[in-house]
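Pasted below: input.cif, mmCIF, C-alpha atoms.
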data_upload
#
loop_
_atom_site.label_atom_id
_atom_site.label_comp_id
_atom_site.auth_asym_id
_atom_site.auth_seq_id
_atom_site.Cartn_x
_atom_site.Cartn_y
_atom_site.Cartn_z
CA MET U 1 21.66 2.69 -6.67
CA LYS U 2 21.19 -0.24 -4.29
CA ILE U 3 17.61 -0.78 -3.14
CA GLU U 4 17.01 -2.54 0.16
CA THR U 5 13.56 -3.81 1.17
CA ARG U 6 12.20 -4.51 4.63
CA ASP U 7 8.95 -5.95 5.90
CA LEU U 8 6.78 -3.40 7.69
CA THR U 9 6.89 -3.57 11.50
CA PRO U 10 4.98 -1.53 14.09
CA ASP U 11 8.16 0.51 14.69
CA HIS U 12 8.10 1.78 11.09
CA TRP U 13 5.39 4.43 11.54
CA PRO U 14 7.93 7.31 11.51
CA VAL U 15 9.37 5.86 8.29
CA ILE U 16 5.92 5.80 6.67
CA GLU U 17 5.36 9.41 7.73
CA ARG U 18 8.70 10.46 6.26
CA LEU U 19 8.04 8.59 3.00
CA PHE U 20 4.45 9.75 2.51
CA GLY U 21 5.17 13.33 3.57
CA LYS U 22 2.87 15.77 5.28
CA ASN U 23 0.14 15.26 2.64
CA GLY U 24 0.05 11.48 2.95
CA ALA U 25 1.28 10.38 -0.48
CA CYS U 26 -1.42 10.19 -3.15
CA ALA U 27 -3.77 13.07 -2.28
CA GLY U 28 -3.83 12.20 1.42
CA CYS U 29 -4.60 8.52 0.87
CA TRP U 30 -2.17 7.13 3.46
CA CYS U 31 -2.80 3.76 1.76
CA MET U 32 -6.40 3.68 2.96
CA PHE U 33 -8.38 3.81 -0.32
CA TRP U 34 -8.88 0.05 -0.64
CA ARG U 35 -9.60 -0.20 3.10
CA LEU U 36 -12.64 2.12 3.06
CA GLU U 37 -15.72 0.80 4.82
CA LYS U 38 -19.04 0.44 3.03
CA GLY U 39 -20.66 3.82 2.49
CA GLU U 40 -17.46 5.80 3.04
CA ARG U 41 -16.20 8.17 0.39
CA PHE U 42 -12.51 8.78 -0.11
CA ARG U 43 -12.93 12.55 -0.01
CA ASN U 44 -14.38 12.26 3.52
CA VAL U 45 -11.54 10.08 4.80
CA GLN U 46 -8.46 11.39 2.99
CA GLY U 47 -5.97 13.42 4.98
CA ALA U 48 -6.01 13.42 8.78
CA THR U 49 -8.59 10.63 9.17
CA ALA U 50 -6.74 8.32 6.78
CA LYS U 51 -3.44 9.09 8.51
CA ARG U 52 -4.90 8.30 11.93
CA ARG U 53 -6.36 5.00 10.68
CA MET U 54 -3.18 3.92 8.94
CA ARG U 55 -1.08 4.80 11.97
CA LYS U 56 -3.30 2.59 14.13
CA LEU U 57 -3.02 -0.29 11.63
CA VAL U 58 0.78 0.02 11.49
CA GLU U 59 1.34 0.44 15.22
CA THR U 60 -0.92 -2.51 16.09
CA GLY U 61 0.72 -4.75 13.48
CA ARG U 62 -2.46 -5.05 11.42
CA ALA U 63 -1.02 -3.43 8.28
CA GLU U 64 1.23 -5.54 6.11
CA GLY U 65 3.67 -4.16 3.61
CA ILE U 66 7.16 -3.74 2.29
CA LEU U 67 9.30 -0.61 2.51
CA ALA U 68 12.08 0.19 0.04
CA PHE U 69 15.20 2.14 1.02
CA ALA U 70 18.03 3.73 -0.97
CA ASP U 71 21.04 4.96 0.98
CA GLY U 72 19.07 4.48 4.20
CA GLU U 73 16.22 6.75 3.08
CA PRO U 74 12.69 5.42 2.48
CA VAL U 75 11.83 5.60 -1.22
CA GLY U 76 8.95 3.18 -1.71
CA TRP U 77 6.02 1.28 -0.23
CA LEU U 78 3.98 -1.76 -1.18
CA ALA U 79 0.83 -2.74 0.71
CA LEU U 80 -0.07 -6.41 0.81
CA GLY U 81 -2.48 -8.67 2.64
CA ARG U 82 -5.40 -10.99 2.28
CA ARG U 83 -7.84 -9.65 -0.28
CA ARG U 84 -10.70 -9.55 2.24
CA GLU U 85 -8.70 -7.07 4.36
CA PHE U 86 -9.13 -4.52 1.57
CA LYS U 87 -12.90 -4.21 1.79
CA ALA U 88 -13.30 -1.86 -1.16
CA LEU U 89 -11.90 -4.58 -3.44
CA ASP U 90 -14.84 -6.83 -2.55
CA ARG U 91 -17.27 -4.05 -3.39
CA ALA U 92 -15.73 -3.21 -6.78
CA PRO U 93 -17.82 -5.06 -9.40
CA SER U 94 -15.04 -4.97 -11.98
CA LEU U 95 -12.66 -6.69 -9.52
CA ALA U 96 -15.07 -9.39 -8.32
CA CYS U 97 -13.77 -12.95 -8.05
CA ASP U 98 -15.16 -16.25 -6.81
CA ASP U 99 -12.08 -17.24 -4.82
CA ALA U 100 -11.54 -14.05 -2.81
CA ASP U 101 -10.96 -16.00 0.41
CA ASP U 102 -7.88 -17.61 -1.16
CA VAL U 103 -6.46 -14.47 -2.77
CA TRP U 104 -3.74 -12.20 -1.43
CA SER U 105 -3.57 -8.68 -2.80
CA LEU U 106 -0.84 -6.18 -3.60
CA PRO U 107 -3.12 -3.17 -4.06
CA CYS U 108 -0.88 -0.20 -3.45
CA PHE U 109 2.57 0.86 -4.63
CA PHE U 110 4.06 4.24 -3.80
CA VAL U 111 7.47 5.34 -5.07
CA ARG U 112 8.92 8.69 -4.16
CA ARG U 113 8.89 10.94 -7.22
CA ASP U 114 12.67 11.34 -7.37
CA HIS U 115 13.15 7.55 -7.42
CA ARG U 116 10.61 6.57 -10.06
CA GLY U 117 11.96 4.67 -13.05
CA ARG U 118 14.91 3.38 -11.02
CA GLY U 119 13.74 -0.14 -10.16
CA VAL U 120 12.05 0.59 -6.83
CA ALA U 121 8.67 -0.86 -7.82
CA THR U 122 10.39 -3.96 -9.24
CA ALA U 123 12.27 -4.48 -5.97
CA LEU U 124 9.06 -3.98 -3.98
CA LEU U 125 7.16 -6.48 -6.12
CA ALA U 126 9.91 -9.10 -5.79
CA ALA U 127 9.97 -8.63 -2.01
CA GLY U 128 6.17 -8.71 -1.87
CA VAL U 129 5.95 -11.98 -3.79
CA LYS U 130 8.62 -13.47 -1.51
CA ALA U 131 6.68 -12.32 1.58
CA LEU U 132 3.45 -13.84 0.24
CA ARG U 133 5.18 -17.15 -0.44
CA LYS U 134 6.39 -17.20 3.19
CA ARG U 135 2.77 -16.69 4.27
CA GLY U 136 1.65 -19.64 2.14
CA ALA U 137 -0.21 -17.61 -0.47
CA ALA U 138 -1.22 -19.60 -3.53
CA ILE U 139 -2.88 -16.73 -5.41
CA ALA U 140 -1.73 -13.11 -5.57
CA GLU U 141 -3.21 -10.29 -7.58
CA GLY U 142 -2.46 -6.66 -8.28
CA TYR U 143 -4.46 -3.92 -9.90
CA PRO U 144 -2.44 -2.04 -12.51
CA VAL U 145 -3.81 1.25 -13.70
CA LYS U 146 -3.14 2.64 -17.13
CA ALA U 147 -1.96 6.25 -17.16
CA PRO U 148 -4.59 8.54 -18.71
CA HIS U 149 -2.16 9.81 -21.37
CA PRO U 150 1.13 8.37 -22.67
CA GLY U 151 3.98 9.32 -20.35
CA GLU U 152 1.69 10.77 -17.68
CA THR U 153 1.96 9.42 -14.14
CA ILE U 154 -1.03 8.76 -11.95
#
Would you mind giving the structure from this file in structure tokens?
Amino acid sequence: MKIETRDLTPDHWPVIERLFGKNGACAGCWCMFWRLEKGERFRNVQGATAKRRMRKLVETGRAEGILAFADGEPVGWLALGRRREFKALDRAPSLACDDADDVWSLPCFFVRRDHRGRGVATALLAAGVKALRKRGAAIAEGYPVKAPHPGETI
């Protein structure tokens, strides 16, 4: 399987919708979890509100990311941007850092279930690092999460 990656453009909203499906990927997140404003709770934003916000970010060019394709079909997504754009990162005590203004983040990967374990995330990460280098990023960080039980996906 050949995986092709492309930088997100404002024209890609229909691709994001097709990839994330009617439920918005991870429980209606629409890649908005790390973008929540102070005082917001995910359960109050997930679903239609998150979709509307993400659509606005994509269509106005304010969301950055990489899309992965296999045989012309979208199979993966990687969000990236300056750390400060993901406001919930700044509020997470366990993720605090002194150089947040200099850090670029890769906070969100999504790979379609039927393409997991086939190199999509690896291709997205490589494309993401390349994109950050083009933007002059000196520091990049991600936030891996350990599955709750061996072999279980999150």
Inset, instruction - Do a neighbour search on Asp90 in chain U at 12 Å with all atoms listed in the file, toss out local chain neighbours closer than 3 positions, and write the hits as a list of chain:residue names. - result: U:Trp34, U:Arg35, U:Leu36, U:Glu37, U:Lys38, U:Arg82, U:Arg83, U:Arg84, U:Glu85, U:Phe86, U:Lys87, U:Pro93, U:Ser94, U:Leu95, U:Ala96, U:Cys97, U:Asp98, U:Asp99, U:Ala100, U:Asp101, U:Val103, U:Ser105
Shell of 10 Å around Val75 in chain U, only C-alpha atoms, local chain residues under 5 positions omitted, as a PDB file with C-alpha atoms, in the coordinates of the input:
ATOM      1  CA  ILE U   3      17.610  -0.780  -3.140  1.00  0.00           C
ATOM      2  CA  GLU U   4      17.010  -2.540   0.160  1.00  0.00           C
ATOM      3  CA  THR U   5      13.560  -3.810   1.170  1.00  0.00           C
ATOM      4  CA  VAL U  15       9.370   5.860   8.290  1.00  0.00           C
ATOM      5  CA  ILE U  16       5.920   5.800   6.670  1.00  0.00           C
ATOM      6  CA  ARG U  18       8.700  10.460   6.260  1.00  0.00           C
ATOM      7  CA  LEU U  19       8.040   8.590   3.000  1.00  0.00           C
ATOM      8  CA  PHE U  20       4.450   9.750   2.510  1.00  0.00           C
ATOM      9  CA  LEU U  67       9.300  -0.610   2.510  1.00  0.00           C
ATOM     10  CA  ALA U  68      12.080   0.190   0.040  1.00  0.00           C
ATOM     11  CA  PHE U  69      15.200   2.140   1.020  1.00  0.00           C
ATOM     12  CA  ALA U  70      18.030   3.730  -0.970  1.00  0.00           C
ATOM     13  CA  PHE U 110       4.060   4.240  -3.800  1.00  0.00           C
ATOM     14  CA  VAL U 111       7.470   5.340  -5.070  1.00  0.00           C
ATOM     15  CA  ARG U 112       8.920   8.690  -4.160  1.00  0.00           C
ATOM     16  CA  ARG U 113       8.890  10.940  -7.220  1.00  0.00           C
ATOM     17  CA  ASP U 114      12.670  11.340  -7.370  1.00  0.00           C
ATOM     18  CA  HIS U 115      13.150   7.550  -7.420  1.00  0.00           C
ATOM     19  CA  ARG U 116      10.610   6.570 -10.060  1.00  0.00           C
ATOM     20  CA  VAL U 120      12.050   0.590  -6.830  1.00  0.00           C
ATOM     21  CA  ALA U 121       8.670  -0.860  -7.820  1.00  0.00           C
TER      22      ALA U 121
END
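Once the PyMOL selection byres ((chain U and resi 142) around 6) is applied to the shown structure, the selection contains Ser105, Leu106, Pro107, Glu141 and Tyr143 of chain U.
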Inset, instruction - Given the file shown, determine the residues that the PyMOL selection byres ((chain U and resi 12) around 12) selects; report them as a ChimeraX atom specification. - result: /U:6-11,13-19,54-61,63-68,74,77
Expected file contents, prior selection, C-alpha atoms, as a tab-separated table (two decimals), keeping the file's coordinate frame:
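As a result, again26.tsv now contains:
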chain	number	residue	atom	x	y	z
U	6	ARG	CA	12.20	-4.51	4.63
U	7	ASP	CA	8.95	-5.95	5.90
U	8	LEU	CA	6.78	-3.40	7.69
U	9	THR	CA	6.89	-3.57	11.50
U	10	PRO	CA	4.98	-1.53	14.09
U	11	ASP	CA	8.16	0.51	14.69
U	13	TRP	CA	5.39	4.43	11.54
U	14	PRO	CA	7.93	7.31	11.51
U	15	VAL	CA	9.37	5.86	8.29
U	16	ILE	CA	5.92	5.80	6.67
U	17	GLU	CA	5.36	9.41	7.73
U	18	ARG	CA	8.70	10.46	6.26
U	19	LEU	CA	8.04	8.59	3.00
U	54	MET	CA	-3.18	3.92	8.94
U	55	ARG	CA	-1.08	4.80	11.97
U	56	LYS	CA	-3.30	2.59	14.13
U	57	LEU	CA	-3.02	-0.29	11.63
U	58	VAL	CA	0.78	0.02	11.49
U	59	GLU	CA	1.34	0.44	15.22
U	60	THR	CA	-0.92	-2.51	16.09
U	61	GLY	CA	0.72	-4.75	13.48
U	63	ALA	CA	-1.02	-3.43	8.28
U	64	GLU	CA	1.23	-5.54	6.11
U	65	GLY	CA	3.67	-4.16	3.61
U	66	ILE	CA	7.16	-3.74	2.29
U	67	LEU	CA	9.30	-0.61	2.51
U	68	ALA	CA	12.08	0.19	0.04
U	74	PRO	CA	12.69	5.42	2.48
U	77	TRP	CA	6.02	1.28	-0.23
Using 4 Å of padding on each side, determine the axis-aligned box around all atoms of range 58-75 of chain U present in the file and give its centre and edge lengths in Å to one decimal, as JSON.
{"center_x": 9.3, "center_y": 0.6, "center_z": 7.4, "size_x": 31.5, "size_y": 20.3, "size_z": 25.3}
Inset, instruction - Select, from U:Lys2, U:Arg118, U:Arg133, U:Lys22, the residue with the minimum atom-to-atom distance to Gly81 in chain U, counting only C-alpha atoms. - result: U:Arg133
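Distances to Cys31 in chain U were evaluated for U:Arg91, U:Leu80, U:Gly136, U:Cys108 using all atoms listed in the file, and the minimum falls at U:Cys108.
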Inset, instruction - Go ahead and compute the interatomic distance for CA of Ala25 in chain U and CA of Val145 in chain U, in Å to one decimal. - result: 16.9 Å
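Relative to CA of Phe42 in chain U, CA of Pro144 in chain U is found at 19.3 Å.
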Inset, instruction - Take the PyMOL selection byres ((chain U and resi 27) around 10), apply it to the structure above, and return the hits as a list in words. - result: Asn23, Gly24, Ala25, Cys26, Gly28, Cys29, Trp30, Phe42, Arg43, Gln46 and Gly47 of chain U
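Distance check against Thr122 in chain U using all atoms listed in the file: of U:Arg62, U:Arg41, U:Ala138, U:Leu78, the minimum falls on U:Leu78.
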Legend entry - Distance in Å - CA of Gly21 in chain U versus CA of Val129 in chain U: 26.4 Å
Mind filling out range 109-120 of chain U with all heavy atoms and sending it as a CSV table (one decimal), in the frame of the given file?
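Here's the written file rebuild.csv:
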chain,number,residue,atom,x,y,z
U,109,PHE,N,1.2,0.5,-4.5
U,109,PHE,CA,2.6,0.9,-4.6
U,109,PHE,C,2.7,2.4,-4.5
U,109,PHE,O,1.9,3.1,-5.1
U,109,PHE,CB,3.1,0.5,-6.0
U,109,PHE,CG,3.4,-1.0,-6.2
U,109,PHE,CD1,2.4,-1.8,-6.6
U,109,PHE,CD2,4.7,-1.5,-6.1
U,109,PHE,CE1,2.6,-3.2,-6.8
U,109,PHE,CE2,5.0,-2.8,-6.4
U,109,PHE,CZ,3.9,-3.6,-6.7
U,110,PHE,N,3.7,2.8,-3.8
U,110,PHE,CA,4.1,4.2,-3.8
U,110,PHE,C,5.6,4.3,-3.9
U,110,PHE,O,6.3,3.7,-3.1
U,110,PHE,CB,3.6,4.9,-2.5
U,110,PHE,CG,4.0,6.4,-2.5
U,110,PHE,CD1,3.4,7.3,-3.2
U,110,PHE,CD2,5.1,6.7,-1.7
U,110,PHE,CE1,3.8,8.7,-3.2
U,110,PHE,CE2,5.5,8.1,-1.6
U,110,PHE,CZ,4.9,9.0,-2.4
U,111,VAL,N,6.0,5.1,-4.9
U,111,VAL,CA,7.5,5.3,-5.1
U,111,VAL,C,7.7,6.8,-5.1
U,111,VAL,O,7.0,7.6,-5.8
U,111,VAL,CB,8.0,4.7,-6.4
U,111,VAL,CG1,9.5,5.0,-6.6
U,111,VAL,CG2,7.8,3.2,-6.4
U,112,ARG,N,8.6,7.3,-4.2
U,112,ARG,CA,8.9,8.7,-4.2
U,112,ARG,C,9.3,9.2,-5.5
U,112,ARG,O,10.0,8.6,-6.3
U,112,ARG,CB,10.1,8.9,-3.2
U,112,ARG,CG,10.0,10.1,-2.4
U,112,ARG,CD,11.0,10.2,-1.3
U,112,ARG,NE,12.4,10.4,-1.9
U,112,ARG,CZ,13.5,10.3,-1.2
U,112,ARG,NH1,13.5,10.1,0.1
U,112,ARG,NH2,14.7,10.5,-1.8
U,113,ARG,N,8.8,10.4,-5.9
U,113,ARG,CA,8.9,10.9,-7.2
U,113,ARG,C,10.3,10.9,-7.7
U,113,ARG,O,10.6,10.6,-8.9
U,113,ARG,CB,8.4,12.4,-7.2
U,113,ARG,CG,8.4,13.0,-8.6
U,113,ARG,CD,7.8,14.5,-8.5
U,113,ARG,NE,6.5,14.5,-8.0
U,113,ARG,CZ,5.4,14.4,-8.7
U,113,ARG,NH1,5.4,14.3,-10.0
U,113,ARG,NH2,4.2,14.5,-8.1
U,114,ASP,N,11.3,11.3,-6.9
U,114,ASP,CA,12.7,11.3,-7.4
U,114,ASP,C,13.3,10.0,-7.5
U,114,ASP,O,14.5,9.9,-7.9
U,114,ASP,CB,13.5,12.2,-6.4
U,114,ASP,CG,13.6,11.8,-5.0
U,114,ASP,OD1,12.7,11.0,-4.6
U,114,ASP,OD2,14.5,12.2,-4.3
U,115,HIS,N,12.6,8.9,-7.2
U,115,HIS,CA,13.2,7.6,-7.4
U,115,HIS,C,12.4,6.7,-8.4
U,115,HIS,O,12.6,5.5,-8.6
U,115,HIS,CB,13.3,6.9,-6.1
U,115,HIS,CG,14.5,7.3,-5.3
U,115,HIS,ND1,14.6,8.5,-4.7
U,115,HIS,CD2,15.6,6.7,-5.1
U,115,HIS,CE1,15.7,8.6,-4.1
U,115,HIS,NE2,16.4,7.5,-4.4
U,116,ARG,N,11.4,7.3,-9.1
U,116,ARG,CA,10.6,6.6,-10.1
U,116,ARG,C,11.5,6.3,-11.3
U,116,ARG,O,12.3,7.0,-11.6
U,116,ARG,CB,9.4,7.4,-10.5
U,116,ARG,CG,8.4,7.5,-9.3
U,116,ARG,CD,7.2,8.3,-9.6
U,116,ARG,NE,6.5,8.5,-8.3
U,116,ARG,CZ,5.6,9.5,-8.1
U,116,ARG,NH1,5.3,10.3,-9.1
U,116,ARG,NH2,5.0,9.6,-6.9
U,117,GLY,N,11.2,5.1,-11.9
U,117,GLY,CA,12.0,4.7,-13.0
U,117,GLY,C,13.4,4.1,-12.7
U,117,GLY,O,14.2,4.0,-13.6
U,118,ARG,N,13.6,3.8,-11.4
U,118,ARG,CA,14.9,3.4,-11.0
U,118,ARG,C,14.9,2.0,-10.4
U,118,ARG,O,15.8,1.6,-9.7
U,118,ARG,CB,15.5,4.4,-10.0
U,118,ARG,CG,15.6,5.8,-10.6
U,118,ARG,CD,16.0,6.8,-9.6
U,118,ARG,NE,17.4,6.9,-9.5
U,118,ARG,CZ,18.0,7.7,-8.6
U,118,ARG,NH1,17.3,8.4,-7.8
U,118,ARG,NH2,19.3,7.7,-8.6
U,119,GLY,N,13.8,1.2,-10.6
U,119,GLY,CA,13.7,-0.1,-10.2
U,119,GLY,C,13.1,-0.3,-8.8
U,119,GLY,O,13.1,-1.5,-8.3
U,120,VAL,N,12.6,0.7,-8.2
U,120,VAL,CA,12.0,0.6,-6.8
U,120,VAL,C,10.8,-0.3,-6.8
U,120,VAL,O,10.7,-1.2,-6.0
U,120,VAL,CB,11.8,2.0,-6.2
U,120,VAL,CG1,11.1,1.8,-4.9
U,120,VAL,CG2,13.0,2.8,-6.1
